[in-house]
file structure-v5.pdb (PDB, C-alpha atoms and all ligand atoms)
ATOM      1  CA  MET A   1      33.945  21.804-119.171  1.00  0.00           C
ATOM      2  CA  THR A   2      31.868  22.456-122.248  1.00  0.00           C
ATOM      3  CA  THR A   3      28.669  24.357-122.083  1.00  0.00           C
ATOM      4  CA  ALA A   4      26.230  23.369-124.743  1.00  0.00           C
ATOM      5  CA  LEU A   5      23.047  24.752-123.266  1.00  0.00           C
ATOM      6  CA  HIS A   6      22.157  26.512-126.503  1.00  0.00           C
ATOM      7  CA  LYS A   7      21.713  23.130-128.222  1.00  0.00           C
ATOM      8  CA  TYR A   8      18.843  22.309-125.877  1.00  0.00           C
ATOM      9  CA  SER A   9      17.191  25.685-125.911  1.00  0.00           C
ATOM     10  CA  LYS A  10      13.861  24.270-127.101  1.00  0.00           C
ATOM     11  CA  HIS A  11      13.309  21.826-124.245  1.00  0.00           C
ATOM     12  CA  LEU A  12      15.210  23.676-121.605  1.00  0.00           C
ATOM     13  CA  SER A  13      14.097  27.224-122.250  1.00  0.00           C
ATOM     14  CA  ILE A  14      12.959  28.947-119.078  1.00  0.00           C
ATOM     15  CA  LYS A  15       9.446  29.106-120.531  1.00  0.00           C
ATOM     16  CA  ASN A  16       9.330  25.327-120.918  1.00  0.00           C
ATOM     17  CA  LEU A  17      10.900  24.635-117.546  1.00  0.00           C
ATOM     18  CA  ILE A  18       8.271  26.813-115.874  1.00  0.00           C
ATOM     19  CA  LEU A  19       5.578  24.999-117.849  1.00  0.00           C
ATOM     20  CA  GLU A  20       6.873  21.648-116.541  1.00  0.00           C
ATOM     21  CA  ILE A  21       6.754  22.971-112.982  1.00  0.00           C
ATOM     22  CA  CYS A  22       3.210  24.257-113.497  1.00  0.00           C
ATOM     23  CA  LYS A  23       2.104  20.871-114.879  1.00  0.00           C
ATOM     24  CA  CYS A  24       3.252  19.315-111.592  1.00  0.00           C
ATOM     25  CA  PHE A  25       1.198  21.894-109.669  1.00  0.00           C
ATOM     26  CA  ASP A  26      -1.846  20.941-111.763  1.00  0.00           C
ATOM     27  CA  GLN A  27      -1.550  17.398-110.319  1.00  0.00           C
ATOM     28  CA  ILE A  28      -1.719  18.417-106.635  1.00  0.00           C
ATOM     29  CA  PRO A  29      -5.050  17.179-105.212  1.00  0.00           C
ATOM     30  CA  ASP A  30      -7.446  19.958-104.168  1.00  0.00           C
ATOM     31  CA  ASN A  31      -7.539  19.962-100.348  1.00  0.00           C
ATOM     32  CA  ARG A  32     -10.535  22.295-100.037  1.00  0.00           C
ATOM     33  CA  PRO A  33     -13.632  20.552 -98.604  1.00  0.00           C
ATOM     34  CA  ASN A  34     -15.957  21.353-101.544  1.00  0.00           C
ATOM     35  CA  ASN A  35     -13.178  22.013-104.082  1.00  0.00           C
ATOM     36  CA  CYS A  36     -14.550  25.591-104.368  1.00  0.00           C
ATOM     37  CA  SER A  37     -15.845  25.160-107.925  1.00  0.00           C
ATOM     38  CA  ASN A  38     -16.491  28.890-108.354  1.00  0.00           C
ATOM     39  CA  GLY A  39     -13.440  29.935-106.392  1.00  0.00           C
ATOM     40  CA  ILE A  40      -9.843  30.436-107.416  1.00  0.00           C
ATOM     41  CA  PRO A  41      -8.590  27.385-109.361  1.00  0.00           C
ATOM     42  CA  PHE A  42      -6.600  25.235-106.916  1.00  0.00           C
ATOM     43  CA  SER A  43      -3.363  25.150-108.899  1.00  0.00           C
ATOM     44  CA  ASN A  44      -3.353  28.969-108.982  1.00  0.00           C
ATOM     45  CA  PHE A  45      -2.230  28.937-105.338  1.00  0.00           C
ATOM     46  CA  ALA A  46       1.010  27.028-105.960  1.00  0.00           C
ATOM     47  CA  LYS A  47       1.615  28.799-109.277  1.00  0.00           C
ATOM     48  CA  SER A  48       1.194  32.235-107.687  1.00  0.00           C
ATOM     49  CA  ALA A  49       3.487  31.297-104.803  1.00  0.00           C
ATOM     50  CA  PHE A  50       6.079  29.989-107.240  1.00  0.00           C
ATOM     51  CA  ALA A  51       5.833  33.173-109.336  1.00  0.00           C
ATOM     52  CA  MET A  52       6.310  35.245-106.189  1.00  0.00           C
ATOM     53  CA  MET A  53       9.464  33.333-105.230  1.00  0.00           C
ATOM     54  CA  HIS A  54      10.773  33.180-108.790  1.00  0.00           C
ATOM     55  CA  GLN A  55      10.296  36.925-109.242  1.00  0.00           C
ATOM     56  CA  LYS A  56      12.189  37.374-105.958  1.00  0.00           C
ATOM     57  CA  TYR A  57       9.555  39.358-104.099  1.00  0.00           C
ATOM     58  CA  ASP A  58      10.803  40.195-100.624  1.00  0.00           C
ATOM     59  CA  SER A  59       7.375  39.751 -99.045  1.00  0.00           C
ATOM     60  CA  MET A  60       3.921  38.390 -99.785  1.00  0.00           C
ATOM     61  CA  LEU A  61       2.586  41.885 -99.148  1.00  0.00           C
ATOM     62  CA  SER A  62       4.646  43.509-101.900  1.00  0.00           C
ATOM     63  CA  PHE A  63       3.566  40.743-104.291  1.00  0.00           C
ATOM     64  CA  ASP A  64      -0.032  41.424-103.246  1.00  0.00           C
ATOM     65  CA  THR A  65       0.414  45.139-103.893  1.00  0.00           C
ATOM     66  CA  ASP A  66       2.007  44.642-107.316  1.00  0.00           C
ATOM     67  CA  GLN A  67      -0.714  42.377-108.621  1.00  0.00           C
ATOM     68  CA  ALA A  68      -2.524  45.269-110.234  1.00  0.00           C
ATOM     69  CA  GLU A  69       0.530  45.970-112.411  1.00  0.00           C
ATOM     70  CA  PRO A  70      -0.274  45.023-116.033  1.00  0.00           C
ATOM     71  CA  VAL A  71       3.188  43.503-116.618  1.00  0.00           C
ATOM     72  CA  LEU A  72       2.921  41.207-113.603  1.00  0.00           C
ATOM     73  CA  GLN A  73      -0.652  40.268-114.534  1.00  0.00           C
ATOM     74  CA  HIS A  74       0.498  39.405-118.038  1.00  0.00           C
ATOM     75  CA  ASN A  75       3.420  37.304-116.790  1.00  0.00           C
ATOM     76  CA  LEU A  76       1.272  35.499-114.253  1.00  0.00           C
ATOM     77  CA  GLU A  77      -1.146  34.402-116.961  1.00  0.00           C
ATOM     78  CA  THR A  78       1.232  33.690-119.830  1.00  0.00           C
ATOM     79  CA  LEU A  79       4.432  32.564-118.112  1.00  0.00           C
ATOM     80  CA  TYR A  80       3.195  31.045-114.835  1.00  0.00           C
ATOM     81  CA  HIS A  81      -0.134  29.737-116.194  1.00  0.00           C
ATOM     82  CA  VAL A  82      -2.205  31.322-113.422  1.00  0.00           C
ATOM     83  CA  LYS A  83      -5.729  30.705-114.785  1.00  0.00           C
ATOM     84  CA  ASP A  84      -7.713  33.875-115.495  1.00  0.00           C
ATOM     85  CA  GLY A  85      -5.039  35.813-113.613  1.00  0.00           C
ATOM     86  CA  ARG A  86      -6.796  35.005-110.335  1.00  0.00           C
ATOM     87  CA  VAL A  87      -4.169  35.327-107.616  1.00  0.00           C
ATOM     88  CA  PRO A  88      -5.076  34.606-103.987  1.00  0.00           C
ATOM     89  CA  SER A  89      -4.429  37.113-101.202  1.00  0.00           C
ATOM     90  CA  ASP A  90      -1.453  36.358 -98.945  1.00  0.00           C
ATOM     91  CA  THR A  91      -3.652  35.023 -96.113  1.00  0.00           C
ATOM     92  CA  HIS A  92      -5.641  32.827 -98.482  1.00  0.00           C
ATOM     93  CA  MET A  93      -2.420  31.568-100.052  1.00  0.00           C
ATOM     94  CA  ARG A  94      -1.034  30.487 -96.667  1.00  0.00           C
ATOM     95  CA  GLU A  95      -4.297  28.786 -95.660  1.00  0.00           C
ATOM     96  CA  ILE A  96      -4.426  26.660 -98.793  1.00  0.00           C
ATOM     97  CA  LEU A  97      -0.719  25.915 -99.276  1.00  0.00           C
ATOM     98  CA  ASP A  98       0.221  25.100 -95.667  1.00  0.00           C
ATOM     99  CA  PRO A  99      -1.638  21.758 -95.469  1.00  0.00           C
ATOM    100  CA  ILE A 100      -0.254  20.453 -98.802  1.00  0.00           C
ATOM    101  CA  ASP A 101       2.046  17.469 -98.351  1.00  0.00           C
ATOM    102  CA  PRO A 102       5.622  18.692 -99.036  1.00  0.00           C
ATOM    103  CA  VAL A 103       6.064  15.578-101.211  1.00  0.00           C
ATOM    104  CA  GLU A 104       4.019  17.405-103.864  1.00  0.00           C
ATOM    105  CA  PHE A 105       6.699  20.081-104.055  1.00  0.00           C
ATOM    106  CA  ARG A 106       9.442  17.484-104.569  1.00  0.00           C
ATOM    107  CA  LYS A 107       7.855  16.498-107.872  1.00  0.00           C
ATOM    108  CA  PRO A 108       8.837  19.624-109.846  1.00  0.00           C
ATOM    109  CA  PHE A 109      12.447  19.232-108.635  1.00  0.00           C
ATOM    110  CA  LYS A 110      12.505  15.608-109.803  1.00  0.00           C
ATOM    111  CA  LYS A 111      10.904  16.558-113.105  1.00  0.00           C
ATOM    112  CA  LEU A 112      13.501  19.262-113.824  1.00  0.00           C
ATOM    113  CA  PHE A 113      16.341  17.013-112.728  1.00  0.00           C
ATOM    114  CA  SER A 114      15.219  14.230-115.055  1.00  0.00           C
ATOM    115  CA  LEU A 115      14.980  16.721-117.933  1.00  0.00           C
ATOM    116  CA  ILE A 116      18.557  17.804-117.300  1.00  0.00           C
ATOM    117  CA  GLN A 117      19.633  14.171-117.021  1.00  0.00           C
ATOM    118  CA  ARG A 118      17.801  13.103-120.176  1.00  0.00           C
ATOM    119  CA  ASN A 119      19.388  15.932-122.147  1.00  0.00           C
ATOM    120  CA  LYS A 120      22.796  14.746-120.902  1.00  0.00           C
ATOM    121  CA  LEU A 121      23.649  18.069-119.317  1.00  0.00           C
ATOM    122  CA  LEU A 122      24.952  16.342-116.202  1.00  0.00           C
ATOM    123  CA  LYS A 123      27.852  15.094-118.345  1.00  0.00           C
ATOM    124  CA  ASN A 124      29.226  18.638-118.187  1.00  0.00           C
ATOM    125  CA  PHE A 125      29.599  18.279-114.426  1.00  0.00           C
ATOM    126  CA  GLU A 126      31.476  14.969-114.318  1.00  0.00           C
ATOM    127  CA  PHE A 127      35.081  15.196-113.217  1.00  0.00           C
ATOM    128  CA  LYS A 128      38.043  12.977-112.435  1.00  0.00           C
ATOM    129  CA  CYS A 129      40.015  13.162-109.241  1.00  0.00           C
ATOM    130  CA  GLY A 130      42.914  10.710-108.860  1.00  0.00           C
ATOM    131  CA  ASN A 131      41.435   7.225-109.157  1.00  0.00           C
ATOM    132  CA  LEU A 132      37.917   8.549-108.988  1.00  0.00           C
ATOM    133  CA  LYS A 133      36.220   8.839-112.341  1.00  0.00           C
ATOM    134  CA  ASP A 134      32.893  10.217-113.454  1.00  0.00           C
ATOM    135  CA  CYS A 135      32.267  11.859-110.123  1.00  0.00           C
ATOM    136  CA  TYR A 136      29.940  14.677-109.320  1.00  0.00           C
ATOM    137  CA  LEU A 137      30.676  17.300-106.732  1.00  0.00           C
ATOM    138  CA  MET A 138      27.852  18.601-104.602  1.00  0.00           C
ATOM    139  CA  ALA A 139      28.188  21.702-102.455  1.00  0.00           C
ATOM    140  CA  VAL A 140      25.788  21.713 -99.511  1.00  0.00           C
ATOM    141  CA  ASP A 141      24.901  24.294 -96.942  1.00  0.00           C
ATOM    142  CA  GLY A 142      22.347  24.614 -94.200  1.00  0.00           C
ATOM    143  CA  THR A 143      20.397  27.671 -93.190  1.00  0.00           C
ATOM    144  CA  GLY A 144      17.510  28.685 -90.957  1.00  0.00           C
ATOM    145  CA  LEU A 145      14.359  29.742 -92.775  1.00  0.00           C
ATOM    146  CA  PHE A 146      11.926  30.250 -89.936  1.00  0.00           C
ATOM    147  CA  TYR A 147      12.189  31.198 -86.275  1.00  0.00           C
ATOM    148  CA  SER A 148       9.512  32.294 -83.843  1.00  0.00           C
ATOM    149  CA  GLY A 149       8.876  32.507 -80.125  1.00  0.00           C
ATOM    150  CA  GLU A 150       5.120  32.212 -80.723  1.00  0.00           C
ATOM    151  CA  CYS A 151       4.070  30.753 -84.069  1.00  0.00           C
ATOM    152  CA  ARG A 152       4.576  27.105 -84.790  1.00  0.00           C
ATOM    153  CA  CYS A 153       3.338  24.299 -86.982  1.00  0.00           C
ATOM    154  CA  ASN A 154       3.215  20.561 -86.279  1.00  0.00           C
ATOM    155  CA  GLU A 155       6.535  20.044 -88.038  1.00  0.00           C
ATOM    156  CA  CYS A 156       8.504  22.685 -86.132  1.00  0.00           C
ATOM    157  CA  CYS A 157      11.758  21.926 -84.329  1.00  0.00           C
ATOM    158  CA  VAL A 158      11.627  23.161 -80.734  1.00  0.00           C
ATOM    159  CA  LYS A 159      14.339  24.973 -78.834  1.00  0.00           C
ATOM    160  CA  ASN A 160      14.333  25.279 -75.013  1.00  0.00           C
ATOM    161  CA  GLU A 161      11.342  22.954 -74.772  1.00  0.00           C
ATOM    162  CA  GLY A 162       9.155  23.502 -71.715  1.00  0.00           C
ATOM    163  CA  LYS A 163      11.040  26.639 -70.663  1.00  0.00           C
ATOM    164  CA  SER A 164       9.730  30.195 -70.697  1.00  0.00           C
ATOM    165  CA  ASN A 165      11.797  30.996 -73.786  1.00  0.00           C
ATOM    166  CA  GLU A 166      10.540  28.001 -75.801  1.00  0.00           C
ATOM    167  CA  SER A 167      10.862  28.765 -79.503  1.00  0.00           C
ATOM    168  CA  TYR A 168      10.197  27.145 -82.847  1.00  0.00           C
ATOM    169  CA  TYR A 169      12.215  26.902 -85.987  1.00  0.00           C
ATOM    170  CA  HIS A 170      12.796  25.283 -89.331  1.00  0.00           C
ATOM    171  CA  ASN A 171      16.171  24.642 -90.965  1.00  0.00           C
ATOM    172  CA  LEU A 172      16.904  23.526 -94.446  1.00  0.00           C
ATOM    173  CA  MET A 173      19.847  22.049 -96.229  1.00  0.00           C
ATOM    174  CA  GLY A 174      20.321  22.877 -99.883  1.00  0.00           C
ATOM    175  CA  GLY A 175      22.611  21.083-102.290  1.00  0.00           C
ATOM    176  CA  CYS A 176      23.916  22.151-105.645  1.00  0.00           C
ATOM    177  CA  ILE A 177      25.918  20.187-108.204  1.00  0.00           C
ATOM    178  CA  VAL A 178      29.034  22.166-109.068  1.00  0.00           C
ATOM    179  CA  HIS A 179      32.157  21.555-111.139  1.00  0.00           C
ATOM    180  CA  PRO A 180      35.672  22.161-109.764  1.00  0.00           C
ATOM    181  CA  GLY A 181      36.556  23.942-113.002  1.00  0.00           C
TER     182      GLY A 181
HETATM  183 ZN    ZN B 201       6.881  24.852 -88.275  1.00  0.00          ZN
END
call {"tool": "encode", "arguments": {"input": "structure-v5.pdb", "output": "structure tokens"}}
result
Amino acid sequence: MTTALHKYSKHLSIKNLILEICKCFDQIPDNRPNNCSNGIPFSNFAKSAFAMMHQKYDSMLSFDTDQAEPVLQHNLETLYHVKDGRVPSDTHMREILDPIDPVEFRKPFKKLFSLIQRNKLLKNFEFKCGNLKDCYLMAVDGTGLFYSGECRCNECCVKNEGKSNESYYHNLMGGCIVHPG
């Protein structure tokens, strides 16, 4: 397997990839009743949440606390394109992001995947196995990402329905293209 990532550094630099993701967030329709013209710009909610996940914060609270840090402020504005550095509080972030159609968050994935495809980087992952040629190998795994005996949303899976120990959960399955070599 050859790695030729350096050849594509211009288009596929982390800075550009983040920019592409942020452009997708700019397209999400504002779900606030009056669009809050003087409030926090709508795309700042998704961009801040993405920055929080990307910077691997272990909680929304610690992200909230760190916002005053000049380095984080600088990165939020320059790297994650959070307009005027206005980051919502954790409660506000949940309120605004929860009702957004998950389809909107598929778009950045598709965008990045098509960039990788267009730059022919998937070629590096093709492999032959017996009579099979030009195959890709995808490793998948499932995990739980939410569980509660009290809180639920409309999309929750329900365990022990109707019983005293009724509980709510979400699972996810993630896939990753890998190469046997
Ligand atoms: Zn739920």
call {"tool": "resolve_selection", "arguments": {"input": "structure-v5.pdb", "expression": "the PyMOL selection byres (((not hetatm)) within 9 of (chain B and resi 201))", "output": "PyMOL selection string"}}
result
chain A and resi 146-147+151-157+168-170
call {"tool": "resolve_selection", "arguments": {"input": "structure-v5.pdb", "expression": "the PyMOL selection byres (((chain A and resi 177-181) around 6) and not hetatm)", "output": "PyMOL selection string"}}
result
chain A and resi 125+137-138+176
call {"tool": "closest_residue", "arguments": {"input": "structure-v5.pdb", "among": "A:Leu79, A:Ala51, A:Ile100, A:Leu17", "to": "A:Arg32", "atoms": "all atoms listed in the file"}}
result
A:Ile100
call {"tool": "atom_distance", "arguments": {"input": "structure-v5.pdb", "atom1": "atom CA of A:Lys123", "atom2": "atom CA of A:Val140"}}
result
20.1 Å
call {"tool": "atom_distance", "arguments": {"input": "structure-v5.pdb", "atom1": "atom CA of A:Asn34", "atom2": "atom CA of A:Ala46"}}
result
18.4 Å
call {"tool": "atom_distance", "arguments": {"input": "structure-v5.pdb", "atom1": "atom CA of A:His11", "atom2": "atom CA of A:Asn119"}}
result
8.7 Å
call {"tool": "closest_residue", "arguments": {"input": "structure-v5.pdb", "among": "A:Leu132, A:Ile116, A:Ile21, A:Ala49", "to": "A:Thr91", "atoms": "only C-alpha atoms"}}
result
A:Ala49
call {"tool": "closest_residue", "arguments": {"input": "structure-v5.pdb", "among": "A:Lys111, A:Arg118, A:His92, A:Lys83", "to": "A:Asn16", "atoms": "only C-alpha atoms"}}
result
A:Lys111
call {"tool": "residues_around", "arguments": {"input": "structure-v5.pdb", "residues": "A:His54", "least_positions_apart": "6", "cutoff": "12 Å", "atoms": "all atoms listed in the file", "output": "PyMOL selection string"}}
result
chain A and resi 14+18+21+46-48+63+75-76+79-80
call {"tool": "resolve_selection", "arguments": {"input": "structure-v5.pdb", "expression": "the PyMOL selection byres (((chain A and resi 87) around 9) and not hetatm)", "output": "MDAnalysis selection string"}}
result
chainID A and resid 40 44:45 47:48 64 67 76 82:86 88:89 93
call {"tool": "closest_residue", "arguments": {"input": "structure-v5.pdb", "among": "A:Gln117, A:Pro102, A:Ser148, A:Arg94", "to": "A:Met60", "atoms": "all atoms listed in the file"}}
result
A:Arg94
call {"tool": "closest_residue", "arguments": {"input": "structure-v5.pdb", "among": "A:His81, A:Lys133, A:Lys120, A:Lys23", "to": "A:Glu104", "atoms": "all atoms listed in the file"}}
result
A:Lys23
call {"tool": "closest_residue", "arguments": {"input": "structure-v5.pdb", "among": "A:Asp101, A:Glu166, A:Glu150, A:Asp134", "to": "A:Asp30", "atoms": "all atoms listed in the file"}}
result
A:Asp101
call {"tool": "residues_near_point", "arguments": {"input": "structure-v5.pdb", "point": "(3.7, 18.7, -113.0)", "cutoff": "10 Å", "atoms": "all atoms listed in the file", "output": "mmCIF file with C-alpha atoms, keeping the file's coordinate frame"}}
result
data_model
loop_
_atom_site.group_PDB
_atom_site.id
_atom_site.type_symbol
_atom_site.label_atom_id
_atom_site.label_comp_id
_atom_site.auth_asym_id
_atom_site.auth_seq_id
_atom_site.Cartn_x
_atom_site.Cartn_y
_atom_site.Cartn_z
ATOM 1 C CA ILE A 18 8.271 26.813 -115.874
ATOM 2 C CA LEU A 19 5.578 24.999 -117.849
ATOM 3 C CA GLU A 20 6.873 21.648 -116.541
ATOM 4 C CA ILE A 21 6.754 22.971 -112.982
ATOM 5 C CA CYS A 22 3.210 24.257 -113.497
ATOM 6 C CA LYS A 23 2.104 20.871 -114.879
ATOM 7 C CA CYS A 24 3.252 19.315 -111.592
ATOM 8 C CA PHE A 25 1.198 21.894 -109.669
ATOM 9 C CA ASP A 26 -1.846 20.941 -111.763
ATOM 10 C CA GLN A 27 -1.550 17.398 -110.319
ATOM 11 C CA ILE A 28 -1.719 18.417 -106.635
ATOM 12 C CA GLU A 104 4.019 17.405 -103.864
ATOM 13 C CA PHE A 105 6.699 20.081 -104.055
ATOM 14 C CA LYS A 107 7.855 16.498 -107.872
ATOM 15 C CA PRO A 108 8.837 19.624 -109.846
ATOM 16 C CA PHE A 109 12.447 19.232 -108.635
ATOM 17 C CA LYS A 110 12.505 15.608 -109.803
ATOM 18 C CA LYS A 111 10.904 16.558 -113.105
ATOM 19 C CA LEU A 112 13.501 19.262 -113.824
#
call {"tool": "axis_aligned_box", "arguments": {"input": "structure-v5.pdb", "around": "stretch 84-87 of chain A", "padding_each_side": "6 Å", "output": "JSON"}}
result
{"center_x": -5.9, "center_y": 34.8, "center_z": -111.6, "size_x": 15.5, "size_y": 13.9, "size_z": 19.9}
call {"tool": "decode", "arguments": {"input": "structure-v5.pdb", "residues": "stretch 159-169 of chain A", "atoms": "all heavy atoms", "output": "PDB file, in the first residue's frame"}}
result
ATOM      1  N   LYS A 159     -36.155  -0.039  26.420  1.00  0.00           N
ATOM      2  CA  LYS A 159     -35.906  -1.348  27.026  1.00  0.00           C
ATOM      3  C   LYS A 159     -36.930  -1.538  28.151  1.00  0.00           C
ATOM      4  O   LYS A 159     -37.258  -0.573  28.846  1.00  0.00           O
ATOM      5  CB  LYS A 159     -34.485  -1.327  27.616  1.00  0.00           C
ATOM      6  CG  LYS A 159     -33.808  -2.674  27.678  1.00  0.00           C
ATOM      7  CD  LYS A 159     -32.365  -2.476  28.130  1.00  0.00           C
ATOM      8  CE  LYS A 159     -31.600  -3.766  28.084  1.00  0.00           C
ATOM      9  NZ  LYS A 159     -30.202  -3.555  28.442  1.00  0.00           N
ATOM     10  N   ASN A 160     -37.402  -2.754  28.352  1.00  0.00           N
ATOM     11  CA  ASN A 160     -38.377  -3.066  29.401  1.00  0.00           C
ATOM     12  C   ASN A 160     -39.614  -2.164  29.342  1.00  0.00           C
ATOM     13  O   ASN A 160     -40.063  -1.627  30.355  1.00  0.00           O
ATOM     14  CB  ASN A 160     -37.728  -2.948  30.795  1.00  0.00           C
ATOM     15  CG  ASN A 160     -36.518  -3.833  30.922  1.00  0.00           C
ATOM     16  OD1 ASN A 160     -36.512  -4.979  30.478  1.00  0.00           O
ATOM     17  ND2 ASN A 160     -35.459  -3.296  31.531  1.00  0.00           N
ATOM     18  N   GLU A 161     -40.142  -2.003  28.136  1.00  0.00           N
ATOM     19  CA  GLU A 161     -41.263  -1.091  27.923  1.00  0.00           C
ATOM     20  C   GLU A 161     -42.450  -1.422  28.835  1.00  0.00           C
ATOM     21  O   GLU A 161     -42.839  -2.585  28.972  1.00  0.00           O
ATOM     22  CB  GLU A 161     -41.700  -1.137  26.452  1.00  0.00           C
ATOM     23  CG  GLU A 161     -42.582   0.036  26.078  1.00  0.00           C
ATOM     24  CD  GLU A 161     -42.747   0.177  24.568  1.00  0.00           C
ATOM     25  OE1 GLU A 161     -42.249  -0.695  23.819  1.00  0.00           O
ATOM     26  OE2 GLU A 161     -43.378   1.168  24.150  1.00  0.00           O
ATOM     27  N   GLY A 162     -42.983  -0.378  29.460  1.00  0.00           N
ATOM     28  CA  GLY A 162     -44.173  -0.527  30.296  1.00  0.00           C
ATOM     29  C   GLY A 162     -43.879  -1.045  31.694  1.00  0.00           C
ATOM     30  O   GLY A 162     -44.762  -1.075  32.550  1.00  0.00           O
ATOM     31  N   LYS A 163     -42.653  -1.473  31.947  1.00  0.00           N
ATOM     32  CA  LYS A 163     -42.305  -1.986  33.277  1.00  0.00           C
ATOM     33  C   LYS A 163     -41.716  -0.861  34.125  1.00  0.00           C
ATOM     34  O   LYS A 163     -41.362   0.206  33.604  1.00  0.00           O
ATOM     35  CB  LYS A 163     -41.304  -3.137  33.157  1.00  0.00           C
ATOM     36  CG  LYS A 163     -41.916  -4.340  32.453  1.00  0.00           C
ATOM     37  CD  LYS A 163     -40.947  -5.491  32.376  1.00  0.00           C
ATOM     38  CE  LYS A 163     -41.609  -6.641  31.592  1.00  0.00           C
ATOM     39  NZ  LYS A 163     -40.625  -7.539  31.026  1.00  0.00           N
ATOM     40  N   SER A 164     -41.560  -1.153  35.419  1.00  0.00           N
ATOM     41  CA  SER A 164     -41.071  -0.105  36.326  1.00  0.00           C
ATOM     42  C   SER A 164     -39.634   0.308  36.002  1.00  0.00           C
ATOM     43  O   SER A 164     -39.221   1.419  36.293  1.00  0.00           O
ATOM     44  CB  SER A 164     -41.158  -0.586  37.774  1.00  0.00           C
ATOM     45  OG  SER A 164     -40.356  -1.748  37.917  1.00  0.00           O
ATOM     46  N   ASN A 165     -38.885  -0.602  35.395  1.00  0.00           N
ATOM     47  CA  ASN A 165     -37.490  -0.271  35.060  1.00  0.00           C
ATOM     48  C   ASN A 165     -37.329   0.113  33.573  1.00  0.00           C
ATOM     49  O   ASN A 165     -36.271  -0.125  32.985  1.00  0.00           O
ATOM     50  CB  ASN A 165     -36.559  -1.427  35.423  1.00  0.00           C
ATOM     51  CG  ASN A 165     -36.936  -2.719  34.717  1.00  0.00           C
ATOM     52  OD1 ASN A 165     -38.028  -2.830  34.145  1.00  0.00           O
ATOM     53  ND2 ASN A 165     -36.048  -3.700  34.739  1.00  0.00           N
ATOM     54  N   GLU A 166     -38.382   0.702  32.998  1.00  0.00           N
ATOM     55  CA  GLU A 166     -38.307   1.129  31.598  1.00  0.00           C
ATOM     56  C   GLU A 166     -37.119   2.085  31.415  1.00  0.00           C
ATOM     57  O   GLU A 166     -36.906   2.965  32.237  1.00  0.00           O
ATOM     58  CB  GLU A 166     -39.611   1.843  31.213  1.00  0.00           C
ATOM     59  CG  GLU A 166     -39.682   2.204  29.742  1.00  0.00           C
ATOM     60  CD  GLU A 166     -41.052   2.772  29.340  1.00  0.00           C
ATOM     61  OE1 GLU A 166     -42.009   1.983  29.206  1.00  0.00           O
ATOM     62  OE2 GLU A 166     -41.143   4.003  29.177  1.00  0.00           O
ATOM     63  N   SER A 167     -36.353   1.864  30.367  1.00  0.00           N
ATOM     64  CA  SER A 167     -35.198   2.741  30.139  1.00  0.00           C
ATOM     65  C   SER A 167     -35.027   3.011  28.651  1.00  0.00           C
ATOM     66  O   SER A 167     -35.620   2.342  27.811  1.00  0.00           O
ATOM     67  CB  SER A 167     -33.931   2.121  30.738  1.00  0.00           C
ATOM     68  OG  SER A 167     -33.784   0.804  30.271  1.00  0.00           O
ATOM     69  N   TYR A 168     -34.192   4.001  28.375  1.00  0.00           N
ATOM     70  CA  TYR A 168     -34.082   4.538  27.014  1.00  0.00           C
ATOM     71  C   TYR A 168     -32.632   4.559  26.572  1.00  0.00           C
ATOM     72  O   TYR A 168     -31.736   4.830  27.381  1.00  0.00           O
ATOM     73  CB  TYR A 168     -34.675   5.956  26.983  1.00  0.00           C
ATOM     74  CG  TYR A 168     -35.974   6.009  27.737  1.00  0.00           C
ATOM     75  CD1 TYR A 168     -36.017   6.519  29.040  1.00  0.00           C
ATOM     76  CD2 TYR A 168     -37.134   5.483  27.185  1.00  0.00           C
ATOM     77  CE1 TYR A 168     -37.198   6.507  29.763  1.00  0.00           C
ATOM     78  CE2 TYR A 168     -38.323   5.465  27.895  1.00  0.00           C
ATOM     79  CZ  TYR A 168     -38.352   5.973  29.187  1.00  0.00           C
ATOM     80  OH  TYR A 168     -39.516   5.945  29.897  1.00  0.00           O
ATOM     81  N   TYR A 169     -32.425   4.272  25.308  1.00  0.00           N
ATOM     82  CA  TYR A 169     -31.038   4.221  24.862  1.00  0.00           C
ATOM     83  C   TYR A 169     -30.892   4.491  23.373  1.00  0.00           C
ATOM     84  O   TYR A 169     -31.866   4.416  22.618  1.00  0.00           O
ATOM     85  CB  TYR A 169     -30.417   2.863  25.208  1.00  0.00           C
ATOM     86  CG  TYR A 169     -31.052   1.689  24.486  1.00  0.00           C
ATOM     87  CD1 TYR A 169     -30.482   1.157  23.333  1.00  0.00           C
ATOM     88  CD2 TYR A 169     -32.230   1.109  24.956  1.00  0.00           C
ATOM     89  CE1 TYR A 169     -31.054   0.080  22.661  1.00  0.00           C
ATOM     90  CE2 TYR A 169     -32.819   0.033  24.296  1.00  0.00           C
ATOM     91  CZ  TYR A 169     -32.230  -0.476  23.157  1.00  0.00           C
ATOM     92  OH  TYR A 169     -32.806  -1.522  22.493  1.00  0.00           O
TER      93      TYR A 169
END
